[in-house]
Every structure is written in C-alpha cells, then in structure tokens.
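Content type PDB, C-alpha atoms, from the file final-v3.pdb:
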```
ATOM      1  CA  MET N   1     118.473  62.875 128.201
ATOM      2  CA  ARG N   2     115.180  64.793 128.124
ATOM      3  CA  LEU N   3     115.127  67.961 130.196
ATOM      4  CA  ARG N   4     111.869  69.732 130.990
ATOM      5  CA  LEU N   5     110.726  72.565 133.241
ATOM      6  CA  TYR N   6     107.202  72.300 134.643
ATOM      7  CA  ARG N   7     105.394  75.317 136.012
ATOM      8  CA  ALA N   8     102.156  75.165 138.010
ATOM      9  CA  GLY N   9     100.284  76.905 140.761
ATOM     10  CA  ASP N  10     101.454  74.377 143.356
ATOM     11  CA  MET N  11     103.882  71.491 143.725
ATOM     12  CA  ALA N  12     101.232  68.821 143.301
ATOM     13  CA  GLY N  13     100.184  70.308 139.977
ATOM     14  CA  ALA N  14     103.759  70.436 138.691
ATOM     15  CA  MET N  15     104.375  66.828 139.784
ATOM     16  CA  ALA N  16     101.202  65.704 138.033
ATOM     17  CA  GLN N  17     102.415  67.272 134.774
ATOM     18  CA  LEU N  18     105.834  65.666 135.228
ATOM     19  CA  ARG N  19     104.437  62.169 135.735
ATOM     20  CA  ALA N  20     101.995  62.504 132.852
ATOM     21  CA  GLU N  21     104.806  63.201 130.383
ATOM     22  CA  LEU N  22     107.911  61.533 131.818
ATOM     23  CA  GLY N  23     106.433  58.802 134.008
ATOM     24  CA  ASP N  24     107.784  57.536 137.330
ATOM     25  CA  ASP N  25     111.388  57.191 136.104
ATOM     26  CA  ALA N  26     111.970  60.943 135.904
ATOM     27  CA  VAL N  27     114.700  62.467 138.047
ATOM     28  CA  ILE N  28     113.852  65.748 139.783
ATOM     29  CA  LEU N  29     116.792  68.113 139.406
ATOM     30  CA  ASP N  30     115.465  71.238 141.103
ATOM     31  CA  THR N  31     112.366  72.810 142.634
ATOM     32  CA  CYS N  32     111.806  76.491 143.326
ATOM     33  CA  ARG N  33     109.067  78.987 144.016
ATOM     34  CA  VAL N  34     108.254  81.545 141.328
ATOM     35  CA  ALA N  35     105.671  84.252 140.933
ATOM     36  CA  GLY N  36     102.295  82.557 140.773
ATOM     37  CA  GLY N  37     103.444  79.081 141.818
ATOM     38  CA  VAL N  38     106.376  76.684 141.556
ATOM     39  CA  GLU N  39     108.796  75.305 138.965
ATOM     40  CA  VAL N  40     110.143  71.759 138.833
ATOM     41  CA  THR N  41     113.074  70.855 136.597
ATOM     42  CA  ALA N  42     113.199  67.155 135.695
ATOM     43  CA  ALA N  43     115.129  64.863 133.399
ATOM     44  CA  GLN N  44     114.699  61.376 131.984
ATOM     45  CA  GLU N  45     116.983  59.103 130.040
ATOM     46  CA  GLY N  46     115.876  58.597 126.434
ATOM     47  CA  ARG N  47     113.560  55.669 125.738
ATOM     48  CA  GLU N  48     111.944  54.084 122.697
ATOM     49  CA  GLY N  49     109.187  56.266 121.293
ATOM     50  CA  ALA N  50     110.262  59.288 123.331
ATOM     51  CA  PRO N  51     110.974  62.644 121.690
ATOM     52  CA  PRO N  52     114.626  63.107 120.673
ATOM     53  CA  PRO N  53     116.973  64.696 123.201
ATOM     54  CA  LEU N  54     117.486  68.438 123.175
ATOM     55  CA  ALA N  55     120.230  69.749 120.950
ATOM     56  CA  ALA N  56     122.937  71.817 122.546
ATOM     57  CA  ASP N  57     121.465  75.025 121.187
ATOM     58  CA  GLU N  58     117.822  74.097 121.749
ATOM     59  CA  PRO N  59     116.040  76.129 124.444
ATOM     60  CA  LEU N  60     114.574  74.511 127.510
ATOM     61  CA  VAL N  61     110.842  73.933 127.000
ATOM     62  CA  ILE N  62     108.634  75.458 129.689
ATOM     63  CA  LEU N  63     105.317  73.649 129.939
ATOM     64  CA  PRO N  64     102.664  75.821 131.608
ATOM     65  CA  GLY N  65      99.961  74.097 133.567
ATOM     66  CA  PRO N  66      96.322  74.314 132.563
ATOM     67  CA  ARG N  67      94.310  77.270 133.784
ATOM     68  CA  ALA N  68      93.015  76.527 137.221
ATOM     69  CA  ALA N  69      89.284  75.912 137.335
ATOM     70  CA  PRO N  70      87.277  77.534 140.118
ATOM     71  CA  ALA N  71      87.780  75.567 143.314
ATOM     72  CA  PRO N  72      84.768  73.381 144.132
ATOM     73  CA  ALA N  73      82.866  73.911 147.325
ATOM     74  CA  LEU N  74      84.460  71.916 150.118
ATOM     75  CA  LEU N  75      82.775  70.055 152.890
ATOM     76  CA  PRO N  76      82.773  72.393 155.926
ATOM     77  CA  GLY N  77      85.086  70.216 158.020
ATOM     78  CA  LEU N  78      87.442  69.610 155.119
ATOM     79  CA  ALA N  79      87.827  73.284 154.216
ATOM     80  CA  TRP N  80      89.159  73.932 157.706
ATOM     81  CA  HIS N  81      92.249  71.823 156.885
ATOM     82  CA  ARG N  82      93.314  74.229 154.087
ATOM     83  CA  PRO N  83      94.176  71.508 151.566
ATOM     84  CA  GLY N  84      94.731  73.858 148.615
ATOM     85  CA  GLU N  85      92.788  74.118 145.366
ATOM     86  CA  ARG N  86      94.042  70.952 143.704
ATOM     87  CA  LEU N  87      93.301  68.767 146.703
ATOM     88  CA  ALA N  88      89.950  70.481 147.123
ATOM     89  CA  GLU N  89      89.005  69.365 143.632
ATOM     90  CA  ARG N  90      90.069  65.778 144.275
ATOM     91  CA  LEU N  91      88.234  65.482 147.571
ATOM     92  CA  ALA N  92      85.034  67.364 146.717
ATOM     93  CA  GLY N  93      81.849  65.316 147.009
ATOM     94  CA  PRO N  94      79.433  63.894 149.559
ATOM     95  CA  ALA N  95      80.755  63.404 153.081
ATOM     96  CA  ASP N  96      79.811  59.721 153.150
ATOM     97  CA  GLY N  97      82.029  59.066 150.130
ATOM     98  CA  LEU N  98      85.187  60.788 151.410
ATOM     99  CA  ALA N  99      86.819  57.571 152.655
ATOM    100  CA  GLY N 100      86.333  55.978 149.249
ATOM    101  CA  ARG N 101      87.824  58.983 147.474
ATOM    102  CA  LEU N 102      90.819  58.915 149.800
ATOM    103  CA  ALA N 103      91.341  55.186 149.226
ATOM    104  CA  ALA N 104      91.133  55.603 145.464
ATOM    105  CA  GLY N 105      93.220  58.756 145.191
ATOM    106  CA  PHE N 106      95.980  58.406 147.782
ATOM    107  CA  PRO N 107      98.547  55.663 148.360
ATOM    108  CA  PHE N 108      98.471  53.737 151.652
ATOM    109  CA  ALA N 109     101.113  51.148 152.565
ATOM    110  CA  PRO N 110     102.205  49.149 155.612
ATOM    111  CA  LEU N 111     105.360  50.329 157.328
ATOM    112  CA  PRO N 112     108.165  47.745 156.832
ATOM    113  CA  ASP N 113     109.837  46.239 159.881
ATOM    114  CA  GLY N 114     113.412  47.055 158.847
ATOM    115  CA  VAL N 115     114.512  43.448 158.325
ATOM    116  CA  ALA N 116     114.632  43.139 154.542
ATOM    117  CA  ARG N 117     115.950  46.699 154.197
ATOM    118  CA  PRO N 118     117.070  49.068 156.959
ATOM    119  CA  LEU N 119     114.594  51.839 157.706
ATOM    120  CA  LEU N 120     116.130  55.318 157.578
ATOM    121  CA  LEU N 121     113.955  57.994 159.149
ATOM    122  CA  ALA N 122     114.435  61.320 157.360
ATOM    123  CA  GLY N 123     112.775  64.699 157.599
ATOM    124  CA  PRO N 124     113.300  68.368 158.372
ATOM    125  CA  PRO N 125     114.739  69.426 161.739
ATOM    126  CA  GLY N 126     112.327  68.890 164.617
ATOM    127  CA  ALA N 127     109.986  66.643 162.633
ATOM    128  CA  GLY N 128     109.886  63.888 165.261
ATOM    129  CA  LYS N 129     112.320  61.418 163.677
ATOM    130  CA  THR N 130     114.016  60.460 166.939
ATOM    131  CA  LEU N 131     110.762  59.899 168.804
ATOM    132  CA  SER N 132     109.425  57.838 165.893
ATOM    133  CA  CYS N 133     112.619  55.772 165.869
ATOM    134  CA  GLY N 134     112.205  55.144 169.591
ATOM    135  CA  LYS N 135     108.607  54.027 169.065
ATOM    136  CA  LEU N 136     109.621  51.613 166.306
ATOM    137  CA  ALA N 137     112.424  50.216 168.467
ATOM    138  CA  THR N 138     109.976  49.683 171.316
ATOM    139  CA  ARG N 139     107.566  47.905 168.979
ATOM    140  CA  ALA N 140     110.322  45.583 167.771
ATOM    141  CA  VAL N 141     111.433  44.732 171.325
ATOM    142  CA  LEU N 142     107.845  43.993 172.390
ATOM    143  CA  ALA N 143     107.564  41.687 169.380
ATOM    144  CA  GLY N 144     110.636  39.779 170.547
ATOM    145  CA  ARG N 145     113.111  41.111 167.968
ATOM    146  CA  ALA N 146     115.770  43.445 169.379
ATOM    147  CA  PRO N 147     116.647  45.910 166.605
ATOM    148  CA  LEU N 148     119.954  47.451 165.691
ATOM    149  CA  VAL N 149     119.479  51.181 166.355
ATOM    150  CA  VAL N 150     121.802  53.711 164.738
ATOM    151  CA  THR N 151     121.926  57.492 164.725
ATOM    152  CA  THR N 152     123.733  59.424 162.007
ATOM    153  CA  ASP N 153     123.183  62.783 163.713
ATOM    154  CA  GLY N 154     126.616  63.688 164.953
ATOM    155  CA  GLU N 155     126.255  67.443 164.561
ATOM    156  CA  LYS N 156     123.389  68.613 166.768
ATOM    157  CA  ALA N 157     124.379  68.937 170.420
ATOM    158  CA  GLY N 158     122.894  66.135 172.474
ATOM    159  CA  ALA N 159     121.318  64.380 169.478
ATOM    160  CA  PRO N 160     122.701  60.882 170.237
ATOM    161  CA  GLU N 161     121.698  61.250 173.877
ATOM    162  CA  GLN N 162     118.054  61.798 172.915
ATOM    163  CA  LEU N 163     117.884  58.419 171.213
ATOM    164  CA  ALA N 164     120.089  56.811 173.861
ATOM    165  CA  ALA N 165     117.389  57.617 176.421
ATOM    166  CA  PHE N 166     115.116  55.186 174.544
ATOM    167  CA  THR N 167     117.727  52.515 173.889
ATOM    168  CA  ARG N 168     118.838  52.408 177.530
ATOM    169  CA  LEU N 169     115.269  51.719 178.653
ATOM    170  CA  LEU N 170     115.036  48.961 176.055
ATOM    171  CA  ASN N 171     118.454  47.536 177.018
ATOM    172  CA  LEU N 172     119.737  48.099 173.471
ATOM    173  CA  PRO N 173     123.097  49.447 172.339
ATOM    174  CA  LEU N 174     123.127  52.583 170.199
ATOM    175  CA  ALA N 175     125.574  52.977 167.314
ATOM    176  CA  VAL N 176     126.631  56.497 166.279
ATOM    177  CA  ALA N 177     127.658  56.581 162.612
ATOM    178  CA  PRO N 178     127.516  60.027 160.969
ATOM    179  CA  GLN N 179     129.407  59.000 157.810
ATOM    180  CA  PRO N 180     128.301  56.527 155.087
ATOM    181  CA  ALA N 181     131.286  54.198 155.600
ATOM    182  CA  MET N 182     130.734  54.137 159.361
ATOM    183  CA  LEU N 183     127.036  53.427 158.848
ATOM    184  CA  ALA N 184     127.766  50.563 156.466
ATOM    185  CA  LYS N 185     130.144  48.988 159.004
ATOM    186  CA  ALA N 186     127.578  49.314 161.798
ATOM    187  CA  VAL N 187     124.833  47.681 159.741
ATOM    188  CA  ALA N 188     127.174  44.910 158.570
ATOM    189  CA  ARG N 189     127.455  43.752 162.191
ATOM    190  CA  ARG N 190     123.755  42.956 162.591
ATOM    191  CA  VAL N 191     122.694  39.353 163.045
ATOM    192  CA  ALA N 192     120.504  37.570 160.529
ATOM    193  CA  GLY N 193     116.876  38.664 160.716
ATOM    194  CA  GLN N 194     117.605  41.673 162.939
ATOM    195  CA  PRO N 195     115.637  44.864 162.158
ATOM    196  CA  VAL N 196     117.693  47.980 161.513
ATOM    197  CA  LEU N 197     116.402  51.442 162.458
ATOM    198  CA  VAL N 198     118.414  54.530 161.501
ATOM    199  CA  ASP N 199     117.692  58.009 162.857
ATOM    200  CA  SER N 200     119.167  60.758 160.664
ATOM    201  CA  ALA N 201     119.977  64.427 161.121
ATOM    202  CA  GLY N 202     117.434  67.035 160.070
ATOM    203  CA  CYS N 203     117.451  67.519 156.308
ATOM    204  CA  ASP N 204     115.900  70.076 153.982
ATOM    205  CA  PRO N 205     116.057  68.236 150.630
ATOM    206  CA  ARG N 206     115.893  71.561 148.781
ATOM    207  CA  ARG N 207     119.428  72.246 150.008
ATOM    208  CA  ALA N 208     121.804  70.357 147.721
ATOM    209  CA  GLU N 209     124.445  69.659 150.371
ATOM    210  CA  GLU N 210     121.951  68.216 152.858
ATOM    211  CA  ALA N 211     120.172  66.170 150.182
ATOM    212  CA  SER N 212     123.455  64.752 148.930
ATOM    213  CA  ALA N 213     124.527  63.736 152.439
ATOM    214  CA  LEU N 214     121.240  61.944 153.106
ATOM    215  CA  ALA N 215     121.340  60.167 149.748
ATOM    216  CA  ALA N 216     124.869  58.925 150.461
ATOM    217  CA  LEU N 217     123.788  57.449 153.807
ATOM    218  CA  ALA N 218     120.802  55.690 152.238
ATOM    219  CA  ARG N 219     122.917  54.259 149.412
ATOM    220  CA  ALA N 220     125.558  52.973 151.819
ATOM    221  CA  ILE N 221     123.113  50.517 153.388
ATOM    222  CA  GLY N 222     120.389  50.196 150.740
ATOM    223  CA  ALA N 223     117.927  51.829 153.128
ATOM    224  CA  GLU N 224     114.211  52.374 152.741
ATOM    225  CA  ILE N 225     113.748  56.096 153.402
ATOM    226  CA  VAL N 226     110.732  56.868 155.581
ATOM    227  CA  VAL N 227     109.874  60.571 155.607
ATOM    228  CA  ALA N 228     108.721  62.023 158.930
ATOM    229  CA  LEU N 229     106.806  65.254 158.375
ATOM    230  CA  PRO N 230     104.981  67.127 161.137
ATOM    231  CA  ALA N 231     101.271  67.689 160.635
ATOM    232  CA  GLY N 232     100.218  71.315 160.461
ATOM    233  CA  LEU N 233     102.636  72.392 157.735
ATOM    234  CA  ASP N 234     101.384  74.685 155.007
ATOM    235  CA  ALA N 235     100.217  72.468 152.126
ATOM    236  CA  GLU N 236     102.625  74.010 149.613
ATOM    237  CA  GLU N 237     105.572  73.756 152.001
ATOM    238  CA  ALA N 238     104.767  70.111 152.754
ATOM    239  CA  ALA N 239     104.501  69.308 149.036
ATOM    240  CA  GLU N 240     107.861  70.939 148.294
ATOM    241  CA  LEU N 241     109.581  69.005 151.063
ATOM    242  CA  ALA N 242     107.927  65.754 149.993
ATOM    243  CA  ALA N 243     108.951  66.260 146.372
ATOM    244  CA  GLY N 244     112.539  66.741 147.484
ATOM    245  CA  PHE N 245     112.531  63.486 149.437
ATOM    246  CA  VAL N 246     110.833  61.650 146.562
ATOM    247  CA  ALA N 247     113.708  62.810 144.352
ATOM    248  CA  LEU N 248     116.081  61.066 146.812
ATOM    249  CA  GLY N 249     114.168  57.790 146.475
ATOM    250  CA  ALA N 250     111.740  58.032 149.403
ATOM    251  CA  ARG N 251     108.421  56.208 148.999
ATOM    252  CA  LEU N 252     106.882  56.228 152.483
ATOM    253  CA  LEU N 253     105.414  58.957 154.710
ATOM    254  CA  LEU N 254     105.083  58.885 158.488
ATOM    255  CA  PRO N 255     103.288  62.082 159.539
ATOM    256  CA  THR N 256     103.966  63.131 163.119
ATOM    257  CA  ARG N 257     102.294  65.265 165.805
ATOM    258  CA  LEU N 258      98.750  64.275 164.905
ATOM    259  CA  ASP N 259      98.038  64.382 168.635
ATOM    260  CA  GLY N 260      98.867  68.086 168.795
ATOM    261  CA  THR N 261      97.967  69.385 165.336
ATOM    262  CA  ALA N 262      94.494  69.176 163.879
ATOM    263  CA  ARG N 263      94.947  70.570 160.354
ATOM    264  CA  LEU N 264      95.994  67.852 157.911
ATOM    265  CA  GLY N 265      96.150  69.706 154.608
ATOM    266  CA  GLY N 266      99.944  69.415 154.596
ATOM    267  CA  VAL N 267      99.808  65.656 155.206
ATOM    268  CA  LEU N 268      97.555  65.151 152.178
ATOM    269  CA  ALA N 269      99.688  67.475 150.046
ATOM    270  CA  ALA N 270     102.797  65.425 150.855
ATOM    271  CA  ALA N 271     101.032  62.169 150.027
ATOM    272  CA  GLU N 272      99.752  63.574 146.731
ATOM    273  CA  VAL N 273     103.301  64.243 145.563
ATOM    274  CA  GLY N 274     104.067  60.528 145.738
ATOM    275  CA  LEU N 275     104.612  59.331 149.319
ATOM    276  CA  ALA N 276     102.485  56.455 150.601
ATOM    277  CA  LEU N 277     100.777  57.025 153.952
ATOM    278  CA  THR N 278     101.917  54.390 156.452
ATOM    279  CA  GLU N 279     101.488  55.220 160.134
ATOM    280  CA  ALA N 280     101.187  58.452 162.071
ATOM    281  CA  GLY N 281     102.543  59.748 165.339
ATOM    282  CA  THR N 282      99.511  60.185 167.572
ATOM    283  CA  GLY N 283     101.112  60.426 171.016
ATOM    284  CA  ARG N 284     104.386  60.482 172.918
ATOM    285  CA  SER N 285     104.037  57.017 174.432
ATOM    286  CA  PRO N 286     106.831  54.807 173.048
ATOM    287  CA  ALA N 287     104.627  51.738 173.316
ATOM    288  CA  ALA N 288     101.419  53.116 171.765
ATOM    289  CA  GLY N 289     102.274  56.331 169.964
ATOM    290  CA  LEU N 290     101.910  55.151 166.369
ATOM    291  CA  GLU N 291      98.615  54.725 164.520
ATOM    292  CA  ARG N 292      98.182  52.768 161.297
ATOM    293  CA  LEU N 293      96.637  55.098 158.737
ATOM    294  CA  ASP N 294      93.748  54.014 156.559
ATOM    295  CA  ALA N 295      91.170  55.879 154.511
ATOM    296  CA  ALA N 296      88.319  55.499 157.012
ATOM    297  CA  TRP N 297      90.258  56.879 159.988
ATOM    298  CA  LEU N 298      91.733  59.693 157.928
ATOM    299  CA  ALA N 299      88.292  60.654 156.593
ATOM    300  CA  ALA N 300      86.954  60.843 160.148
ATOM    301  CA  ARG N 301      89.794  63.173 161.169
ATOM    302  CA  LEU N 302      89.304  65.363 158.114
ATOM    303  CA  LEU N 303      85.546  65.676 158.555
ATOM    304  CA  ALA N 304      85.918  66.469 162.236
ATOM    305  CA  GLY N 305      87.590  69.772 161.316
ATOM    306  CA  ALA N 306      87.980  71.887 164.416
ATOM    307  CA  GLN N 307      85.792  69.527 166.443
ATOM    308  CA  PRO N 308      87.279  67.104 168.997
ATOM    309  CA  TYR N 309      89.306  64.333 167.421
ATOM    310  CA  PRO N 310      87.667  60.927 166.849
ATOM    311  CA  GLU N 311      88.670  58.193 169.250
ATOM    312  CA  MET N 312      92.191  56.833 168.739
ATOM    313  CA  ARG N 313      92.114  53.120 168.169
ATOM    314  CA  ALA N 314      93.690  50.931 170.799
TER     315      ALA N 314
END
```

Would you kindly transcribe this structure into structure tokens?
Amino acid sequence: MRLRLYRAGDMAGAMAQLRAELGDDAVILDTCRVAGGVEVTAAQEGREGAPPPLAADEPLVILPGPRAAPAPALLPGLAWHRPGERLAERLAGPADGLAGRLAAGFPFAPLPDGVARPLLLAGPPGAGKTLSCGKLATRAVLAGRAPLVVTTDGEKAGAPEQLAAFTRLLNLPLAVAPQPAMLAKAVARRVAGQPVLVDSAGCDPRRAEEASALAALARAIGAEIVVALPAGLDAEEAAELAAGFVALGARLLLPTRLDGTARLGGVLAAAEVGLALTEAGTGRSPAAGLERLDAAWLAARLLAGAQPYPEMRA
C-alpha cells in the first residue's frame, strides 16, 4: 500500500495533488487543518508501474504543493462569492465565457430517481436533507411512482416527525430504521421498480464515528450517497466536508438554500473536490423547490453577485 501526505493551501489544491499522483482509486484516510493550509493523508493499493510500497522504517513522504501564483483579477460579480484563490484562477476570464469554463471545469450530472440504487441524502446537521427528501418524494408521487421513504435519524428529537409531515400529505408510509440491518430489511420490502429515498442523520465526515456510521448504512443497501450542503459555507469548510463525503463514496452534490444565500463560493469549492452538481434547493415548496443545475444558470447566478437573483426557471 502506498501512503502519502499532501499539503496545500486549501483542500482543492491537496485533492488535485492526490489525484495527479494516485488517481481516482486513492482512499482518503484523514484530513486536517495545519498552519498555512490543509493536509490530506491518502493511500492506494500497489499497482503495476507504481513505486514500491514504503518499508516499515521508511518515513512518510510529505509532498508540498507548488508556490501559489498571484491570484488573477476576478470578474466583479464573481469576486463577491469569495471562491478562494484556486477557484479564482480556474474561473478567471471574460464574463461571456464563464458558462463555458464552468461546463469544462466542473462536473454536472442528473440526479438519479432512486430506482436502480436507493438515494441516501447525507450532509452536516441542518443542511436541508429532510426538506430535500420531501421534495424528491413529492416529485416521485407526481410522476406516478410512490417511493419508499426511510429515515435513519433516530437520535434527534422529533426528526422522524419532520419527514412524516411530508409523507402524511403524500399518503405514504414512513419507515424508521436507524441501524444498517433495520435499513436493509426496510428496503428489502420495496416492490419492483419502486424508488427508495433515505434521509440520514446529520454527519460531519471528519468525525470518524459519524463517518463510519454513515458508511455502514450506505453499504447495507448499496445506496448512492447524495451530499446536501447549504450554500453560503466558507469555501475551505465546504471543500473539507465534501472531501470527507467523497472518501465515503459520495459522487453527487445537491446544494441547498440557494433561495436564501447568494454567495456560492462554497458550492463551487465542494464541486471542485469531486462532487458532481445535480440539482439545488431554491425554495421551500415541496412541488417546485428543486432546480436542475447547469453551467448557464450557475454562471448567471455567479455574475449577478450581490444583485437580485436571475429568474428561477419554471
């Protein structure tokens, strides 16, 4: 096994170094803040052509990042979002080309319907997971496919009742399954072709116990982890959280609270770490509170800066 420690000024920079050397198969073992930036410890099983594994008495190799170049001048509206130096460099250029740079530099993906694999909504406490789950359940019912809705949050007072308020309106049962075995049994009862939506307890993936519990739930049902992160987070904080969820196997990002938060630097920082942008929470309406993200719409929001938001699409 190859073990490396990457140090950079921000999480995105450390992740870029990691992928350049170890590729997408690397396993993130730890992330932490240090003076002047962050450190990411990663490992990868040996492969043909790779350097030999470290001997028992060989020191861990610390790979410093390149010296940061002066940050390029940002478009006025974009600077207001506080994207951080690395993102500033990637997005610098003429305003009329921003959508193209976003499309070329950031992953976008459709949000699955939860049929082929259950969707497990994960994120830090208060990120909007339950509301997003209710919106997805409403969408499925309106499309004529009643989903199986499950909550694994059995710790927070009143947590099941929050989701039950949605399921009662939709005439759907709600399963409460806080343990992996219970969750597997609940999902096993679904009928063929039925979507499965799982709302999980708040998780900080930097905390080993919480990350382990979430990973066990996802493994129990082979879930697709969808990360709900609130817009407005500090870019570095968002990148650290995203990196932690990526280490647990998450591939998709559903940013929330875009109706109440204008700054999107944290959303871009999370996507840069390796989460594909899918849809965004743009309102509290269960029937119309999700917006499909694409490069053109995102560019319009970014360039608007502190100005009034562009029109939400119907």

Checklist entry - In Å, with one decimal, what is the gap from CA of Val187 (chain N) to CA of Leu131 (chain N)? => result 20.7 Å

Checklist entry - Smallest atom-to-atom distance to Val34 (chain N): which of N:Arg145, N:Glu21, N:Arg86, N:Arg7, using only C-alpha atoms? => result N:Arg7

Can you list every residue of region 144-247 of chain N that has an atom at most 12 Å from region 254-262 of chain N, with its nearest atom pair and the distance in Å to one decimal, using only C-alpha atoms, ordered by chain then number, as JSON lines?
```
{"residue": "N:Ile225", "atom": "CA", "partner": "N:Leu254", "partner_atom": "CA", "distance": 10.4}
{"residue": "N:Val226", "atom": "CA", "partner": "N:Leu254", "partner_atom": "CA", "distance": 6.7}
{"residue": "N:Val227", "atom": "CA", "partner": "N:Leu254", "partner_atom": "CA", "distance": 5.8}
{"residue": "N:Ala228", "atom": "CA", "partner": "N:Leu254", "partner_atom": "CA", "distance": 4.8}
{"residue": "N:Leu229", "atom": "CA", "partner": "N:Pro255", "partner_atom": "CA", "distance": 4.9}
{"residue": "N:Pro230", "atom": "CA", "partner": "N:Thr256", "partner_atom": "CA", "distance": 4.6}
{"residue": "N:Ala231", "atom": "CA", "partner": "N:Arg257", "partner_atom": "CA", "distance": 5.8}
{"residue": "N:Gly232", "atom": "CA", "partner": "N:Thr261", "partner_atom": "CA", "distance": 5.7}
{"residue": "N:Leu233", "atom": "CA", "partner": "N:Thr261", "partner_atom": "CA", "distance": 9.4}
{"residue": "N:Ala238", "atom": "CA", "partner": "N:Pro255", "partner_atom": "CA", "distance": 10.6}
{"residue": "N:Ala242", "atom": "CA", "partner": "N:Pro255", "partner_atom": "CA", "distance": 11.2}
```

Next on the checklist: Given the point (104.5, 54.5, 157.7) in the coordinates of this file, which residues lie within 10 Å, counting all atoms listed in the file, and how would they look as number ranges by chain?
Outcome noted: N: 108-112, 226-228, 251-255, 275-281, 290-293

Written file, previous selection with C-alpha atoms, as a PDB file, in the frame of the given file:
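See selection_1.pdb below for the written result:
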```pdb
ATOM      1  CA  PHE N 108      98.471  53.737 151.652  1.00  0.00           C
ATOM      2  CA  ALA N 109     101.113  51.148 152.565  1.00  0.00           C
ATOM      3  CA  PRO N 110     102.205  49.149 155.612  1.00  0.00           C
ATOM      4  CA  LEU N 111     105.360  50.329 157.328  1.00  0.00           C
ATOM      5  CA  PRO N 112     108.165  47.745 156.832  1.00  0.00           C
ATOM      6  CA  VAL N 226     110.732  56.868 155.581  1.00  0.00           C
ATOM      7  CA  VAL N 227     109.874  60.571 155.607  1.00  0.00           C
ATOM      8  CA  ALA N 228     108.721  62.023 158.930  1.00  0.00           C
ATOM      9  CA  ARG N 251     108.421  56.208 148.999  1.00  0.00           C
ATOM     10  CA  LEU N 252     106.882  56.228 152.483  1.00  0.00           C
ATOM     11  CA  LEU N 253     105.414  58.957 154.710  1.00  0.00           C
ATOM     12  CA  LEU N 254     105.083  58.885 158.488  1.00  0.00           C
ATOM     13  CA  PRO N 255     103.288  62.082 159.539  1.00  0.00           C
ATOM     14  CA  LEU N 275     104.612  59.331 149.319  1.00  0.00           C
ATOM     15  CA  ALA N 276     102.485  56.455 150.601  1.00  0.00           C
ATOM     16  CA  LEU N 277     100.777  57.025 153.952  1.00  0.00           C
ATOM     17  CA  THR N 278     101.917  54.390 156.452  1.00  0.00           C
ATOM     18  CA  GLU N 279     101.488  55.220 160.134  1.00  0.00           C
ATOM     19  CA  ALA N 280     101.187  58.452 162.071  1.00  0.00           C
ATOM     20  CA  GLY N 281     102.543  59.748 165.339  1.00  0.00           C
ATOM     21  CA  LEU N 290     101.910  55.151 166.369  1.00  0.00           C
ATOM     22  CA  GLU N 291      98.615  54.725 164.520  1.00  0.00           C
ATOM     23  CA  ARG N 292      98.182  52.768 161.297  1.00  0.00           C
ATOM     24  CA  LEU N 293      96.637  55.098 158.737  1.00  0.00           C
TER      25      LEU N 293
END
```

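Atom pair CA of Glu240 (chain N) / CA of Leu121 (chain N): separated by 18.0 Å.
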
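Of the listed residues (N:Gln194, N:Thr282, N:Thr31, N:Ser212), N:Gln194 comes nearest to Arg117 (chain N); the distances count only C-alpha atoms.
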
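Selection check: the PyMOL selection byres ((chain N and resi 179) around 12) on the shown file gives Val150, Thr151, Thr152, Asp153, Gly154, Glu155, Ala175, Val176, Ala177, Pro178, Pro180, Ala181, Met182, Leu183, Ala184, Lys185, Ala186, Ser200, Ala201, Ala213, Leu214, Ala215, Ala216, Leu217, Ala218, Arg219, Ala220 and Ile221 of chain N.
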
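Going from CA of Ala26 (chain N) to CA of Ala247 (chain N) covers 8.8 Å.
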
As AutoDock Vina command-line options, please: the centre and edge lengths in Å, to one decimal, of an axis-aligned box enclosing every listed atom of region 264-273 of chain N with 6 Å added on each side.
```
--center_x 99.6 --center_y 65.9 --center_z 151.7 --size_x 19.3 --size_y 19.5 --size_z 24.3
```

Next on the checklist: Measuring between all atoms listed in the file, which one of N:Pro125, N:Phe166, N:Ala304, N:Lys135 shows the shortest distance to Gly283 (chain N)?
Outcome noted: N:Lys135

Checklist entry - For the file shown, what are the residues hit by the PyMOL selection byres ((chain N and resi 4) around 6), laid out as a PyMOL selection string? => result chain N and resi 3+5+41-42+61

Next on the checklist: Under the PyMOL selection byres ((chain N and resi 95) around 12), which residues of this model are included? Write them out as a list in words.
Outcome noted: Leu74, Leu75, Pro76, Gly77, Leu78, Leu91, Ala92, Gly93, Pro94, Asp96, Gly97, Leu98, Ala99, Gly100, Arg101, Leu102, Ala296, Ala299, Ala300, Leu302, Leu303 and Ala304 of chain N

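Each of N:Arg263, N:Arg90, N:Arg284, N:Arg19 was compared to Gly128 (chain N) using all atoms listed in the file, and N:Arg284 turns out to be the nearest.
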
Item to check | Polymer residues at most 9 Å from Gly274 (chain N), only C-alpha atoms, same-chain spacing of 3 or more positions, as a ChimeraX atom specification | outcome: /N:15,106-107,242-243,246,250-252,270-271

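With all atoms listed in the file as the atoms that count, the residue of N:Val198, N:Ala103, N:Ala192, N:Val149 with the shortest distance to Arg168 (chain N) is N:Val149.
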
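In terms of minimum interatomic distance to Ala12 (chain N), N:Val40 ranks closest within N:Leu197, N:Ile28, N:Val40, N:Ala140, counting all atoms listed in the file.
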
Item to check | Selection as a PyMOL selection string: residues within 10 Å of (99.6, 72.5, 142.4), counting all atoms listed in the file | outcome: chain N and resi 7-17+37-38+65+68+84-87+235-236+239+269+272-273

Next on the checklist: Give me the residues near Pro124 (chain N) as a PyMOL selection string, where near means some atom within 6 Å (using only C-alpha atoms) and where sequence neighbours in that chain fewer than 3 positions away do not count.
Outcome noted: chain N and resi 127+202-204
